[in-house]
file work.csv (CSV, N, CA and C atoms)
chain,number,residue,atom,x,y,z
C,1,MET,N,0.8,-1.2,0.0
C,1,MET,CA,0.0,0.0,0.0
C,1,MET,C,0.9,1.2,0.0
C,2,PHE,N,0.5,2.2,-0.7
C,2,PHE,CA,1.2,3.5,-0.8
C,2,PHE,C,0.8,4.4,0.3
C,3,ASN,N,1.6,5.4,0.6
C,3,ASN,CA,1.2,6.4,1.5
C,3,ASN,C,0.6,7.6,0.7
C,4,ILE,N,0.0,8.5,1.4
C,4,ILE,CA,-0.7,9.6,0.8
C,4,ILE,C,0.1,10.4,-0.2
C,5,GLU,N,1.4,10.6,0.1
C,5,GLU,CA,2.3,11.4,-0.7
C,5,GLU,C,2.5,10.6,-2.0
C,6,GLU,N,2.7,9.3,-1.9
C,6,GLU,CA,3.0,8.5,-3.1
C,6,GLU,C,1.7,8.5,-4.0
C,7,TYR,N,0.5,8.4,-3.4
C,7,TYR,CA,-0.7,8.4,-4.2
C,7,TYR,C,-0.8,9.8,-4.9
C,8,THR,N,-0.5,10.8,-4.3
C,8,THR,CA,-0.6,12.2,-4.8
C,8,THR,C,0.4,12.3,-6.0
C,9,VAL,N,1.6,11.8,-5.9
C,9,VAL,CA,2.5,11.8,-7.1
C,9,VAL,C,2.0,11.1,-8.3
C,10,ILE,N,1.4,9.9,-8.0
C,10,ILE,CA,0.8,9.1,-9.0
C,10,ILE,C,-0.3,9.8,-9.7
C,11,GLN,N,-1.2,10.4,-8.9
C,11,GLN,CA,-2.3,11.2,-9.4
C,11,GLN,C,-1.9,12.4,-10.3
C,12,GLN,N,-0.9,13.1,-9.8
C,12,GLN,CA,-0.3,14.2,-10.6
C,12,GLN,C,0.2,13.7,-11.9
C,13,ALA,N,0.9,12.6,-11.9
C,13,ALA,CA,1.5,12.1,-13.2
C,13,ALA,C,0.3,11.7,-14.1
C,14,LEU,N,-0.7,11.0,-13.6
C,14,LEU,CA,-1.8,10.6,-14.4
C,14,LEU,C,-2.6,11.9,-15.0
C,15,ASN,N,-2.7,12.9,-14.2
C,15,ASN,CA,-3.4,14.1,-14.6
C,15,ASN,C,-2.6,14.9,-15.7
C,16,SER,N,-1.3,14.7,-15.7
C,16,SER,CA,-0.6,15.4,-16.7
C,16,SER,C,-0.4,14.7,-18.0
C,17,MET,N,-0.9,13.5,-18.1
C,17,MET,CA,-0.8,12.7,-19.3
C,17,MET,C,-1.9,13.1,-20.3
C,18,THR,N,-1.6,13.0,-21.5
C,18,THR,CA,-2.6,13.2,-22.6
C,18,THR,C,-3.3,11.8,-22.8
C,19,ILE,N,-4.6,11.8,-22.5
C,19,ILE,CA,-5.4,10.6,-22.7
C,19,ILE,C,-6.1,10.6,-24.0
C,20,GLN,N,-5.8,9.5,-24.8
C,20,GLN,CA,-6.4,9.4,-26.1
C,20,GLN,C,-6.5,8.0,-26.6
C,21,GLY,N,-7.4,7.7,-27.5
C,21,GLY,CA,-7.5,6.4,-28.1
C,21,GLY,C,-7.9,5.3,-27.2
C,22,ALA,N,-7.3,4.2,-27.4
C,22,ALA,CA,-7.6,2.9,-26.7
C,22,ALA,C,-7.3,3.0,-25.2
C,23,ASN,N,-6.4,3.8,-24.8
C,23,ASN,CA,-6.0,3.9,-23.4
C,23,ASN,C,-6.9,4.8,-22.6
C,24,ALA,N,-7.8,5.5,-23.2
C,24,ALA,CA,-8.6,6.5,-22.5
C,24,ALA,C,-9.4,5.8,-21.4
C,25,LYS,N,-10.1,4.7,-21.6
C,25,LYS,CA,-10.9,4.1,-20.6
C,25,LYS,C,-10.0,3.6,-19.5
C,26,TYR,N,-8.9,2.9,-19.9
C,26,TYR,CA,-8.0,2.4,-18.9
C,26,TYR,C,-7.4,3.5,-18.0
C,27,LEU,N,-6.9,4.6,-18.5
C,27,LEU,CA,-6.3,5.6,-17.8
C,27,LEU,C,-7.4,6.4,-16.9
C,28,ALA,N,-8.6,6.6,-17.5
C,28,ALA,CA,-9.6,7.2,-16.7
C,28,ALA,C,-10.0,6.3,-15.5
C,29,ALA,N,-10.1,5.0,-15.7
C,29,ALA,CA,-10.4,4.1,-14.6
C,29,ALA,C,-9.3,4.2,-13.5
C,30,LEU,N,-8.0,4.2,-14.0
C,30,LEU,CA,-6.9,4.3,-13.1
C,30,LEU,C,-6.9,5.6,-12.3
C,31,GLN,N,-7.2,6.7,-12.9
C,31,GLN,CA,-7.4,7.9,-12.2
C,31,GLN,C,-8.4,7.9,-11.1
C,32,ASN,N,-9.5,7.2,-11.4
C,32,ASN,CA,-10.6,7.1,-10.4
C,32,ASN,C,-10.2,6.2,-9.3
C,33,LYS,N,-9.5,5.2,-9.6
C,33,LYS,CA,-9.0,4.3,-8.5
C,33,LYS,C,-8.0,5.0,-7.6
C,34,ILE,N,-7.1,5.8,-8.2
C,34,ILE,CA,-6.1,6.6,-7.4
C,34,ILE,C,-6.9,7.6,-6.5
C,35,GLU,N,-7.8,8.3,-7.1
C,35,GLU,CA,-8.6,9.3,-6.3
C,35,GLU,C,-9.3,8.6,-5.2
C,36,ASN,N,-9.9,7.4,-5.4
C,36,ASN,CA,-10.6,6.7,-4.3
C,36,ASN,C,-9.6,6.3,-3.2
C,37,GLN,N,-8.4,5.8,-3.6
C,37,GLN,CA,-7.4,5.4,-2.7
C,37,GLN,C,-6.9,6.6,-1.8
C,38,ILE,N,-6.8,7.8,-2.4
C,38,ILE,CA,-6.4,9.0,-1.7
C,38,ILE,C,-7.5,9.3,-0.7
C,39,SER,N,-8.7,9.3,-1.1
C,39,SER,CA,-9.8,9.6,-0.2
C,39,SER,C,-9.9,8.6,1.0
C,40,GLU,N,-9.7,7.3,0.7
C,40,GLU,CA,-9.8,6.3,1.7
C,40,GLU,C,-8.6,6.4,2.7
C,41,THR,N,-7.4,6.7,2.1
C,41,THR,CA,-6.2,6.9,3.0
C,41,THR,C,-6.4,8.1,3.9
C,42,ARG,N,-6.9,9.2,3.3
C,42,ARG,CA,-7.2,10.4,4.2
C,42,ARG,C,-8.2,10.1,5.3
C,43,LYS,N,-9.3,9.4,5.0
C,43,LYS,CA,-10.2,9.0,6.0
C,43,LYS,C,-9.6,8.1,7.1
C,44,ALA,N,-8.8,7.2,6.7
C,44,ALA,CA,-8.1,6.3,7.6
C,44,ALA,C,-7.2,7.1,8.5
C,45,LEU,N,-6.5,8.1,8.0
C,45,LEU,CA,-5.6,8.9,8.8
C,45,LEU,C,-6.4,9.8,9.8
C,46,VAL,N,-7.6,10.3,9.4
C,46,VAL,CA,-8.4,11.1,10.3
C,46,VAL,C,-8.9,10.2,11.4
C,47,GLU,N,-9.4,9.0,11.1
C,47,GLU,CA,-9.9,8.0,12.1
C,47,GLU,C,-8.8,7.6,13.1
C,48,LYS,N,-7.6,7.4,12.5
C,48,LYS,CA,-6.4,7.1,13.4
C,48,LYS,C,-6.1,8.2,14.4
C,49,GLU,N,-6.2,9.4,13.8
C,49,GLU,CA,-5.9,10.6,14.7
C,49,GLU,C,-7.0,10.8,15.8
C,50,LYS,N,-8.2,10.5,15.4
C,50,LYS,CA,-9.3,10.6,16.4
C,50,LYS,C,-9.1,9.6,17.5
C,51,ALA,N,-8.8,8.4,17.1
C,51,ALA,CA,-8.5,7.3,18.1
C,51,ALA,C,-7.4,7.7,19.0
C,52,LYS,N,-6.3,8.2,18.4
C,52,LYS,CA,-5.2,8.6,19.2
C,52,LYS,C,-5.6,9.7,20.2
C,53,ASN,N,-6.3,10.7,19.7
C,53,ASN,CA,-6.7,11.8,20.6
C,53,ASN,C,-7.6,11.3,21.7
C,54,LYS,N,-8.5,10.3,21.4
C,54,LYS,CA,-9.4,9.7,22.4
C,54,LYS,C,-8.6,9.0,23.5
C,55,ILE,N,-7.6,8.3,23.1
C,55,ILE,CA,-6.8,7.6,24.1
C,55,ILE,C,-6.0,8.5,24.9
C,56,LEU,N,-5.5,9.6,24.3
C,56,LEU,CA,-4.7,10.6,25.1
C,56,LEU,C,-5.6,11.3,26.0
C,57,SER,N,-6.8,11.7,25.6
C,57,SER,CA,-7.7,12.4,26.5
C,57,SER,C,-8.2,11.5,27.7
C,58,GLN,N,-8.4,10.2,27.4
C,58,GLN,CA,-8.7,9.3,28.5
C,58,GLN,C,-7.5,9.1,29.5
C,59,GLY,N,-6.3,9.1,29.0
C,59,GLY,CA,-5.2,9.0,29.8
C,59,GLY,C,-5.0,10.3,30.7
C,60,LYS,N,-5.3,11.4,30.2
C,60,LYS,CA,-5.3,12.7,31.0
C,60,LYS,C,-6.3,12.6,32.1
C,61,LYS,N,-7.5,12.1,31.9
C,61,LYS,CA,-8.5,12.0,32.9
C,61,LYS,C,-8.1,11.1,34.0
C,62,GLU,N,-7.4,10.0,33.7
C,62,GLU,CA,-7.0,9.0,34.7
C,62,GLU,C,-5.9,9.6,35.5
C,63,ILE,N,-5.1,10.5,35.0
C,63,ILE,CA,-3.9,11.0,35.7
C,63,ILE,C,-4.5,12.0,36.8
C,64,LYS,N,-5.5,12.7,36.6
C,64,LYS,CA,-6.1,13.7,37.5
C,64,LYS,C,-6.6,13.1,38.7

call {"tool": "encode", "arguments": {"input": "work.csv", "output": "structure tokens"}}
result
Amino acid sequence: MFNIEEYTVIQQALNSMTIQGANAKYLAALQNKIENQISETRKALVEKEKAKNKILSQGKKEIK
């Protein structure tokens, strides 16, 4: 699995390509897959951060 920076580089490369002919459907599908992976990766990072913050806040309550 790639990280968010790697997906972004791939997306930028795909967006800069000229899509034509027989490759159009394939490249368009690949662009959609990369965009979906970026979105899923961002969501996972947000959820991970929320879980981390929840654990940290629970730890602070226990210390008091």

call {"tool": "closest_residue", "arguments": {"input": "work.csv", "among": "C:Leu56, C:Leu14, C:Glu47, C:Phe2", "to": "C:Leu30", "atoms": "only C-alpha atoms"}}
result
C:Leu14

call {"tool": "atom_distance", "arguments": {"input": "work.csv", "atom1": "atom CA of C:Thr41", "atom2": "atom CA of C:Ile4"}}
result
6.5 Å

call {"tool": "closest_residue", "arguments": {"input": "work.csv", "among": "C:Gly21, C:Ala29, C:Arg42, C:Lys48", "to": "C:Thr8", "atoms": "only C-alpha atoms"}}
result
C:Arg42

call {"tool": "select_by_dssp", "arguments": {"input": "work.csv", "residues": "chain C", "states": "alpha helix (DSSP H)", "output": "ChimeraX atom specification"}}
result
/C:4-16,23-63

call {"tool": "atom_distance", "arguments": {"input": "work.csv", "atom1": "atom CA of C:Ile34", "atom2": "atom CA of C:Gln11"}}
result
6.3 Å

call {"tool": "atom_distance", "arguments": {"input": "work.csv", "atom1": "atom C of C:Glu5", "atom2": "atom C of C:Glu40"}}
result
12.8 Å

call {"tool": "decode", "arguments": {"input": "work.csv", "residues": "stretch 34-50 of chain C", "atoms": "all heavy atoms", "output": "PDB file, in the first residue's frame"}}
result
ATOM      1  N   ILE C  34      -7.111   5.807  -8.163  1.00  0.00           N
ATOM      2  CA  ILE C  34      -6.138   6.567  -7.370  1.00  0.00           C
ATOM      3  C   ILE C  34      -6.860   7.605  -6.516  1.00  0.00           C
ATOM      4  O   ILE C  34      -6.553   7.764  -5.330  1.00  0.00           O
ATOM      5  CB  ILE C  34      -5.071   7.225  -8.268  1.00  0.00           C
ATOM      6  CG1 ILE C  34      -4.202   6.158  -8.944  1.00  0.00           C
ATOM      7  CG2 ILE C  34      -4.212   8.216  -7.482  1.00  0.00           C
ATOM      8  CD1 ILE C  34      -3.392   5.316  -7.990  1.00  0.00           C
ATOM      9  N   GLU C  35      -7.838   8.297  -7.088  1.00  0.00           N
ATOM     10  CA  GLU C  35      -8.603   9.283  -6.318  1.00  0.00           C
ATOM     11  C   GLU C  35      -9.333   8.614  -5.153  1.00  0.00           C
ATOM     12  O   GLU C  35      -9.367   9.156  -4.043  1.00  0.00           O
ATOM     13  CB  GLU C  35      -9.591  10.012  -7.228  1.00  0.00           C
ATOM     14  CG  GLU C  35      -8.918  11.005  -8.160  1.00  0.00           C
ATOM     15  CD  GLU C  35      -9.891  11.662  -9.138  1.00  0.00           C
ATOM     16  OE1 GLU C  35     -11.115  11.624  -8.887  1.00  0.00           O
ATOM     17  OE2 GLU C  35      -9.415  12.205 -10.141  1.00  0.00           O
ATOM     18  N   ASN C  36      -9.889   7.438  -5.391  1.00  0.00           N
ATOM     19  CA  ASN C  36     -10.574   6.704  -4.319  1.00  0.00           C
ATOM     20  C   ASN C  36      -9.591   6.283  -3.231  1.00  0.00           C
ATOM     21  O   ASN C  36      -9.904   6.367  -2.040  1.00  0.00           O
ATOM     22  CB  ASN C  36     -11.298   5.482  -4.880  1.00  0.00           C
ATOM     23  CG  ASN C  36     -12.513   5.848  -5.694  1.00  0.00           C
ATOM     24  OD1 ASN C  36     -13.082   6.924  -5.539  1.00  0.00           O
ATOM     25  ND2 ASN C  36     -12.917   4.961  -6.579  1.00  0.00           N
ATOM     26  N   GLN C  37      -8.418   5.834  -3.624  1.00  0.00           N
ATOM     27  CA  GLN C  37      -7.412   5.422  -2.650  1.00  0.00           C
ATOM     28  C   GLN C  37      -6.940   6.612  -1.813  1.00  0.00           C
ATOM     29  O   GLN C  37      -6.733   6.486  -0.604  1.00  0.00           O
ATOM     30  CB  GLN C  37      -6.218   4.766  -3.348  1.00  0.00           C
ATOM     31  CG  GLN C  37      -6.468   3.350  -3.796  1.00  0.00           C
ATOM     32  CD  GLN C  37      -6.816   2.428  -2.645  1.00  0.00           C
ATOM     33  OE1 GLN C  37      -7.877   1.826  -2.642  1.00  0.00           O
ATOM     34  NE2 GLN C  37      -5.974   2.317  -1.665  1.00  0.00           N
ATOM     35  N   ILE C  38      -6.778   7.761  -2.450  1.00  0.00           N
ATOM     36  CA  ILE C  38      -6.390   8.966  -1.718  1.00  0.00           C
ATOM     37  C   ILE C  38      -7.464   9.301  -0.690  1.00  0.00           C
ATOM     38  O   ILE C  38      -7.165   9.579   0.473  1.00  0.00           O
ATOM     39  CB  ILE C  38      -6.132  10.150  -2.682  1.00  0.00           C
ATOM     40  CG1 ILE C  38      -4.839   9.912  -3.462  1.00  0.00           C
ATOM     41  CG2 ILE C  38      -6.063  11.481  -1.921  1.00  0.00           C
ATOM     42  CD1 ILE C  38      -4.597  10.915  -4.585  1.00  0.00           C
ATOM     43  N   SER C  39      -8.717   9.259  -1.112  1.00  0.00           N
ATOM     44  CA  SER C  39      -9.824   9.563  -0.209  1.00  0.00           C
ATOM     45  C   SER C  39      -9.875   8.577   0.953  1.00  0.00           C
ATOM     46  O   SER C  39     -10.015   8.982   2.117  1.00  0.00           O
ATOM     47  CB  SER C  39     -11.145   9.524  -0.981  1.00  0.00           C
ATOM     48  OG  SER C  39     -12.225   9.765  -0.140  1.00  0.00           O
ATOM     49  N   GLU C  40      -9.748   7.290   0.666  1.00  0.00           N
ATOM     50  CA  GLU C  40      -9.775   6.269   1.717  1.00  0.00           C
ATOM     51  C   GLU C  40      -8.594   6.419   2.672  1.00  0.00           C
ATOM     52  O   GLU C  40      -8.748   6.261   3.884  1.00  0.00           O
ATOM     53  CB  GLU C  40      -9.768   4.872   1.100  1.00  0.00           C
ATOM     54  CG  GLU C  40     -11.072   4.508   0.427  1.00  0.00           C
ATOM     55  CD  GLU C  40     -11.029   3.152  -0.257  1.00  0.00           C
ATOM     56  OE1 GLU C  40     -10.131   2.340   0.057  1.00  0.00           O
ATOM     57  OE2 GLU C  40     -11.895   2.903  -1.107  1.00  0.00           O
ATOM     58  N   THR C  41      -7.432   6.747   2.131  1.00  0.00           N
ATOM     59  CA  THR C  41      -6.242   6.918   2.961  1.00  0.00           C
ATOM     60  C   THR C  41      -6.405   8.117   3.881  1.00  0.00           C
ATOM     61  O   THR C  41      -6.064   8.052   5.067  1.00  0.00           O
ATOM     62  CB  THR C  41      -4.984   7.075   2.089  1.00  0.00           C
ATOM     63  OG1 THR C  41      -4.859   5.916   1.243  1.00  0.00           O
ATOM     64  CG2 THR C  41      -3.728   7.209   2.934  1.00  0.00           C
ATOM     65  N   ARG C  42      -6.945   9.209   3.343  1.00  0.00           N
ATOM     66  CA  ARG C  42      -7.192  10.393   4.178  1.00  0.00           C
ATOM     67  C   ARG C  42      -8.182  10.082   5.291  1.00  0.00           C
ATOM     68  O   ARG C  42      -7.990  10.492   6.438  1.00  0.00           O
ATOM     69  CB  ARG C  42      -7.695  11.550   3.321  1.00  0.00           C
ATOM     70  CG  ARG C  42      -6.620  12.204   2.511  1.00  0.00           C
ATOM     71  CD  ARG C  42      -7.127  13.411   1.779  1.00  0.00           C
ATOM     72  NE  ARG C  42      -6.031  14.030   1.040  1.00  0.00           N
ATOM     73  CZ  ARG C  42      -6.155  14.607  -0.136  1.00  0.00           C
ATOM     74  NH1 ARG C  42      -7.337  14.679  -0.715  1.00  0.00           N
ATOM     75  NH2 ARG C  42      -5.107  15.137  -0.743  1.00  0.00           N
ATOM     76  N   LYS C  43      -9.255   9.365   4.968  1.00  0.00           N
ATOM     77  CA  LYS C  43     -10.245   9.000   5.978  1.00  0.00           C
ATOM     78  C   LYS C  43      -9.613   8.138   7.066  1.00  0.00           C
ATOM     79  O   LYS C  43      -9.886   8.329   8.253  1.00  0.00           O
ATOM     80  CB  LYS C  43     -11.414   8.252   5.339  1.00  0.00           C
ATOM     81  CG  LYS C  43     -12.345   9.118   4.553  1.00  0.00           C
ATOM     82  CD  LYS C  43     -13.462   8.299   3.915  1.00  0.00           C
ATOM     83  CE  LYS C  43     -14.313   9.134   2.997  1.00  0.00           C
ATOM     84  NZ  LYS C  43     -15.324   8.313   2.305  1.00  0.00           N
ATOM     85  N   ALA C  44      -8.777   7.201   6.655  1.00  0.00           N
ATOM     86  CA  ALA C  44      -8.118   6.321   7.627  1.00  0.00           C
ATOM     87  C   ALA C  44      -7.194   7.122   8.536  1.00  0.00           C
ATOM     88  O   ALA C  44      -7.124   6.870   9.746  1.00  0.00           O
ATOM     89  CB  ALA C  44      -7.333   5.226   6.903  1.00  0.00           C
ATOM     90  N   LEU C  45      -6.493   8.100   7.977  1.00  0.00           N
ATOM     91  CA  LEU C  45      -5.614   8.937   8.785  1.00  0.00           C
ATOM     92  C   LEU C  45      -6.405   9.765   9.796  1.00  0.00           C
ATOM     93  O   LEU C  45      -5.978   9.924  10.943  1.00  0.00           O
ATOM     94  CB  LEU C  45      -4.774   9.851   7.890  1.00  0.00           C
ATOM     95  CG  LEU C  45      -3.687   9.173   7.066  1.00  0.00           C
ATOM     96  CD1 LEU C  45      -3.073  10.154   6.072  1.00  0.00           C
ATOM     97  CD2 LEU C  45      -2.627   8.577   7.957  1.00  0.00           C
ATOM     98  N   VAL C  46      -7.558  10.276   9.375  1.00  0.00           N
ATOM     99  CA  VAL C  46      -8.411  11.054  10.278  1.00  0.00           C
ATOM    100  C   VAL C  46      -8.917  10.165  11.406  1.00  0.00           C
ATOM    101  O   VAL C  46      -8.884  10.555  12.578  1.00  0.00           O
ATOM    102  CB  VAL C  46      -9.585  11.707   9.505  1.00  0.00           C
ATOM    103  CG1 VAL C  46     -10.640  12.237  10.456  1.00  0.00           C
ATOM    104  CG2 VAL C  46      -9.073  12.814   8.599  1.00  0.00           C
ATOM    105  N   GLU C  47      -9.379   8.969  11.070  1.00  0.00           N
ATOM    106  CA  GLU C  47      -9.869   8.042  12.091  1.00  0.00           C
ATOM    107  C   GLU C  47      -8.754   7.646  13.057  1.00  0.00           C
ATOM    108  O   GLU C  47      -8.986   7.554  14.264  1.00  0.00           O
ATOM    109  CB  GLU C  47     -10.473   6.797  11.440  1.00  0.00           C
ATOM    110  CG  GLU C  47     -11.763   7.068  10.702  1.00  0.00           C
ATOM    111  CD  GLU C  47     -12.853   7.647  11.591  1.00  0.00           C
ATOM    112  OE1 GLU C  47     -13.015   7.169  12.727  1.00  0.00           O
ATOM    113  OE2 GLU C  47     -13.542   8.574  11.142  1.00  0.00           O
ATOM    114  N   LYS C  48      -7.573   7.427  12.536  1.00  0.00           N
ATOM    115  CA  LYS C  48      -6.429   7.079  13.385  1.00  0.00           C
ATOM    116  C   LYS C  48      -6.110   8.219  14.350  1.00  0.00           C
ATOM    117  O   LYS C  48      -5.845   7.998  15.528  1.00  0.00           O
ATOM    118  CB  LYS C  48      -5.222   6.760  12.504  1.00  0.00           C
ATOM    119  CG  LYS C  48      -4.034   6.241  13.236  1.00  0.00           C
ATOM    120  CD  LYS C  48      -2.916   5.874  12.272  1.00  0.00           C
ATOM    121  CE  LYS C  48      -1.710   5.352  12.992  1.00  0.00           C
ATOM    122  NZ  LYS C  48      -0.630   4.979  12.067  1.00  0.00           N
ATOM    123  N   GLU C  49      -6.154   9.441  13.845  1.00  0.00           N
ATOM    124  CA  GLU C  49      -5.877  10.617  14.681  1.00  0.00           C
ATOM    125  C   GLU C  49      -6.951  10.772  15.755  1.00  0.00           C
ATOM    126  O   GLU C  49      -6.642  11.082  16.906  1.00  0.00           O
ATOM    127  CB  GLU C  49      -5.796  11.872  13.810  1.00  0.00           C
ATOM    128  CG  GLU C  49      -5.342  13.105  14.545  1.00  0.00           C
ATOM    129  CD  GLU C  49      -3.896  13.051  15.004  1.00  0.00           C
ATOM    130  OE1 GLU C  49      -3.101  12.284  14.433  1.00  0.00           O
ATOM    131  OE2 GLU C  49      -3.555  13.779  15.957  1.00  0.00           O
ATOM    132  N   LYS C  50      -8.220  10.536  15.392  1.00  0.00           N
ATOM    133  CA  LYS C  50      -9.305  10.623  16.373  1.00  0.00           C
ATOM    134  C   LYS C  50      -9.123   9.585  17.473  1.00  0.00           C
ATOM    135  O   LYS C  50      -9.309   9.886  18.654  1.00  0.00           O
ATOM    136  CB  LYS C  50     -10.661  10.413  15.694  1.00  0.00           C
ATOM    137  CG  LYS C  50     -11.147  11.593  14.901  1.00  0.00           C
ATOM    138  CD  LYS C  50     -12.505  11.285  14.280  1.00  0.00           C
ATOM    139  CE  LYS C  50     -13.008  12.422  13.429  1.00  0.00           C
ATOM    140  NZ  LYS C  50     -14.311  12.089  12.793  1.00  0.00           N
TER     141      LYS C  50
END
